[in-house]
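Undergrad: Take this structure, written in structure tokens, and hold onto it; I'll ask about it next.
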Amino acid sequence: MAHVLIAEARFYAHLNDMLLDGARAAIEAAGHSHETVTVPGALELPGAIALAAESGKYDAFVALGVVIRGETYHFEIVAGESARGLMALTMDTIAVGNGILTVENEAQAIVRADPKQANKGGGAAEAALALMELKRRF
Ligand SMILES: Nc1c(NC[C@H](O)[C@H](O)[C@H](O)CO)[nH]c(=O)[nH]c1=O
Ligand SMILES: CC(=O)[C@@H](O)COP(=O)(O)O
């Protein structure tokens, strides 16, 4: 039994709702409990998880968000820095699954977020649980 924190960025609420459904279902299917914390955008996800990890209350973390390319270099910043922040947490031995979609348009996001299609939220939850199991093993 594990307690998992889902950190979700509400930047695109309708897309994130699908990611959340997939992540929650995967955690529950594995027999674990979860709670959710919400931040404004993907750039806040690594910081939110770092703060929550300090509490010692959680065994694993799932980061969910959607970054859609706009007109400027901002896409590269948000997509790259959010992934870099999550990877830094992972290398600090925090079990994190990265469910931040980085896509060209909304249609790409829907296919990936929908639990009945690519189900990237569920995949990120499973990745977090896999790291958690490795952490327990070693
Ligand atoms: N453009 C997207 C953002 N941008 C917002 C940032 O993540 C951040 O909240 C802001 O810069 C304040 O620190 N966030 C997304 O999740 N998705 C985007 O497409
Ligand atoms: C993450 C992005 O690229 C986007 O939301 C920002 O759009 P823009 O580059 O048009 O300001």
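In the structure tokens, the first chain shown is A, the next is B, and so on; residue numbers restart at 1 for each chain, and ligands run from 1 in the order shown.
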Identify, on the basis of only C-alpha atoms, every residue whose closest approach to range 16-31 of chain A does not exceed 10 Å; exclude the query and any residue fewer than 4 positions from it along the same chain; express the result as a PyMOL selection string.

TA: chain A and resi 1-4+6-12+35-36+62-66+99-101+109-110+112-116+118-126+128-129

Undergrad: Show me which residues are within 12 Å of ligand 1 counting only C-alpha atoms and all ligand atoms, and format the list as a ChimeraX atom specification.

TA: /A:7-13,15-16,38-48,63-83,99-106,109

Undergrad: Rounded to one decimal in Å, what is the spacing between CA of Gly56 in chain A and CA of Val37 in chain A?

TA: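 For CA of Gly56 in chain A relative to CA of Val37 in chain A, the distance reads 15.4 Å.
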
Undergrad: Quick one: DSSP helix (DSSP H, G or I) residues in range 33-88 of chain A, as a VMD selection string?

TA: chain A and resid 42 to 55 74 to 88

Undergrad: How many Å lie between CA of Met132 in chain A and CA of His34 in chain A, rounded to one decimal?

TA: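 Pair CA of Met132 in chain A / CA of His34 in chain A returns 14.0 Å.
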